[in-house]
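Note sheet for the following structure.
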Amino acid sequence: MVDEIVIRPTSGADLPAIDALLGASYPALLKADYPASILVTCLPIISRARPELLRCGSYYMAEDADGQALAAGGWTHGAPQGGVGPRDVGHIRHVVTHPSATRRGLARSILQRSFGAAKASGVRWMMCQSTRTAEPFYTAMGFQRRGEIDILLRPGIAFPAVEMIRAL
């Protein structure tokens with residue numbers, strides 16, 4: 001039941017739980033929208049938690065009464081690939097839901113919390129780099145497609161994604 005779910009900011013101690021969540025989710029949920037040739041090179045990179053993100057204070061985890069991580073995600077002022085941008089633009093970061101917990105409103109709740117915190121800090125626009133799989137979800141959350149992009153994960157390894165934007 002959703003009322004047993006707690007959404008809280010993550011810390012560095014959550015690294016194993018978020019790694020496990022990403023490792024369970026991305027291979028299962030992305031396979032319908034990406035060829036195996038992309039997934040074999042990209043999954044080992046994108047299925048790892050980013051310690052700096054877990055410690056930033058604006059990355060959240062939804063967990064059940066047993067402490068099981070069911071979803072995670074958040075936002076930052078900085079773009080996913082780094083750099084400094086306008087302070088009125090925020091970036092949705094590394095949103096993920098366990099395959100057994102999809103369609104329960106967990107990612108929606110995490111994004112709504114992110115929107116509120118971002119707006120309170122002066123952000124007027126939210127950007128995201130969506131997987132092909134998650135594009136319908138982000139559209140339902142008010143994002144508009146800007147276009148297809150390739151996210152350079154490492155030299156020679158790019159992940160096809162969709163850049164999206166939303167006003168707060």
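Here, A, B, ... name the chains of the structure tokens in the order displayed, residue numbers run from 1 inside each chain, and ligands are numbered from 1 in the same displayed order.
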Shell of 7 Å around segment 17-20 of chain A, only C-alpha atoms, local chain residues under 5 positions omitted, as number ranges by chain: A: 47-49, 69
So that I can check the surroundings of segment 105-113 of chain A, please list as an mmCIF file with N, CA and C atoms, in the first residue's frame every protein, DNA and RNA residue that reaches within 9 Å of it, counting only C-alpha atoms and ignoring chain neighbours fewer than 2 positions away.
data_model
loop_
_atom_site.group_PDB
_atom_site.id
_atom_site.type_symbol
_atom_site.label_atom_id
_atom_site.label_comp_id
_atom_site.auth_asym_id
_atom_site.auth_seq_id
_atom_site.Cartn_x
_atom_site.Cartn_y
_atom_site.Cartn_z
ATOM 1 N N VAL A 2 0.439 2.272 -0.689
ATOM 2 C CA VAL A 2 1.226 3.485 -0.823
ATOM 3 C C VAL A 2 1.422 4.170 0.515
ATOM 4 N N ILE A 5 4.695 3.700 2.278
ATOM 5 C CA ILE A 5 5.888 4.143 1.576
ATOM 6 C C ILE A 5 6.386 5.449 2.189
ATOM 7 N N ILE A 7 9.136 8.548 1.483
ATOM 8 C CA ILE A 7 10.041 9.183 0.528
ATOM 9 C C ILE A 7 10.949 10.098 1.324
ATOM 10 N N TYR A 59 18.027 14.415 -3.943
ATOM 11 C CA TYR A 59 17.794 13.116 -4.567
ATOM 12 C C TYR A 59 17.073 12.280 -3.521
ATOM 13 N N TYR A 60 15.976 11.647 -3.916
ATOM 14 C CA TYR A 60 15.075 10.997 -2.967
ATOM 15 C C TYR A 60 14.905 9.517 -3.281
ATOM 16 N N MET A 61 14.539 8.778 -2.250
ATOM 17 C CA MET A 61 14.275 7.357 -2.391
ATOM 18 C C MET A 61 12.923 7.048 -1.759
ATOM 19 N N ALA A 62 12.118 6.275 -2.464
ATOM 20 C CA ALA A 62 10.865 5.756 -1.913
ATOM 21 C C ALA A 62 11.161 4.354 -1.413
ATOM 22 N N LEU A 70 12.179 1.180 -3.587
ATOM 23 C CA LEU A 70 11.235 0.901 -4.668
ATOM 24 C C LEU A 70 11.348 1.890 -5.822
ATOM 25 N N ALA A 71 11.801 3.101 -5.527
ATOM 26 C CA ALA A 71 11.954 4.127 -6.562
ATOM 27 C C ALA A 71 12.940 5.172 -6.049
ATOM 28 N N ALA A 72 13.501 5.914 -6.982
ATOM 29 C CA ALA A 72 14.428 6.980 -6.611
ATOM 30 C C ALA A 72 14.445 8.016 -7.722
ATOM 31 N N GLY A 73 14.915 9.191 -7.389
ATOM 32 C CA GLY A 73 15.050 10.258 -8.367
ATOM 33 C C GLY A 73 15.166 11.585 -7.658
ATOM 34 N N GLY A 74 15.464 12.607 -8.397
ATOM 35 C CA GLY A 74 15.569 13.922 -7.793
ATOM 36 C C GLY A 74 15.931 14.965 -8.814
ATOM 37 N N TRP A 75 16.557 16.028 -8.333
ATOM 38 C CA TRP A 75 16.899 17.138 -9.214
ATOM 39 C C TRP A 75 18.165 17.825 -8.714
ATOM 40 N N ILE A 92 16.104 17.200 -13.772
ATOM 41 C CA ILE A 92 15.644 15.945 -13.168
ATOM 42 C C ILE A 92 16.755 14.923 -13.368
ATOM 43 N N VAL A 95 15.923 9.097 -12.446
ATOM 44 C CA VAL A 95 14.667 8.583 -11.904
ATOM 45 C C VAL A 95 14.539 7.107 -12.289
ATOM 46 N N VAL A 96 14.158 6.311 -11.320
ATOM 47 C CA VAL A 96 14.070 4.866 -11.535
ATOM 48 C C VAL A 96 13.000 4.275 -10.615
ATOM 49 N N THR A 97 12.298 3.269 -11.111
ATOM 50 C CA THR A 97 11.316 2.533 -10.306
ATOM 51 C C THR A 97 11.576 1.048 -10.485
ATOM 52 N N ALA A 101 7.274 -2.343 -8.816
ATOM 53 C CA ALA A 101 6.602 -1.214 -8.161
ATOM 54 C C ALA A 101 6.124 -0.149 -9.148
ATOM 55 N N THR A 102 6.145 -0.450 -10.444
ATOM 56 C CA THR A 102 5.687 0.539 -11.419
ATOM 57 C C THR A 102 4.177 0.734 -11.300
ATOM 58 N N ARG A 103 3.725 1.881 -11.789
ATOM 59 C CA ARG A 103 2.296 2.235 -11.837
ATOM 60 C C ARG A 103 1.668 2.383 -10.452
ATOM 61 N N PHE A 115 9.789 19.026 -7.860
ATOM 62 C CA PHE A 115 9.262 20.279 -8.412
ATOM 63 C C PHE A 115 9.081 21.320 -7.310
ATOM 64 N N GLY A 116 8.509 20.901 -6.190
ATOM 65 C CA GLY A 116 8.289 21.832 -5.077
ATOM 66 C C GLY A 116 9.593 22.397 -4.535
ATOM 67 N N ALA A 117 10.577 21.533 -4.337
ATOM 68 C CA ALA A 117 11.864 21.979 -3.804
ATOM 69 C C ALA A 117 12.581 22.878 -4.809
ATOM 70 N N ALA A 118 12.526 22.515 -6.077
ATOM 71 C CA ALA A 118 13.188 23.318 -7.110
ATOM 72 C C ALA A 118 12.539 24.697 -7.210
ATOM 73 N N PHE A 137 5.845 8.876 -19.568
ATOM 74 C CA PHE A 137 5.700 9.287 -18.165
ATOM 75 C C PHE A 137 5.996 10.773 -18.015
ATOM 76 N N MET A 141 3.720 14.092 -16.968
ATOM 77 C CA MET A 141 4.117 14.984 -15.872
ATOM 78 C C MET A 141 4.297 16.433 -16.345
#
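Across the structure, atom CA of Arg55 of chain A and atom CA of Ala161 of chain A are spaced 25.1 Å apart.
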If we count only C-alpha atoms and set the cut-off at 9 Å, which residues sit around Asp33 of chain A, ignoring sequence neighbours fewer than 5 positions away in its own chain? Please answer as a PyMOL selection string. chain A and resi 131-133
Identify, with DSSP run on backbone atoms, the residues in chain A assigned to alpha helix (DSSP H), and express the list as a VMD selection string. chain A and resid 15 to 30 36 to 46 51 to 54 106 to 120 135 to 140
Distance of atom CA of Phe159 of chain A from atom CA of Arg124 of chain A, expressed in Å to one decimal place: 27.4 Å
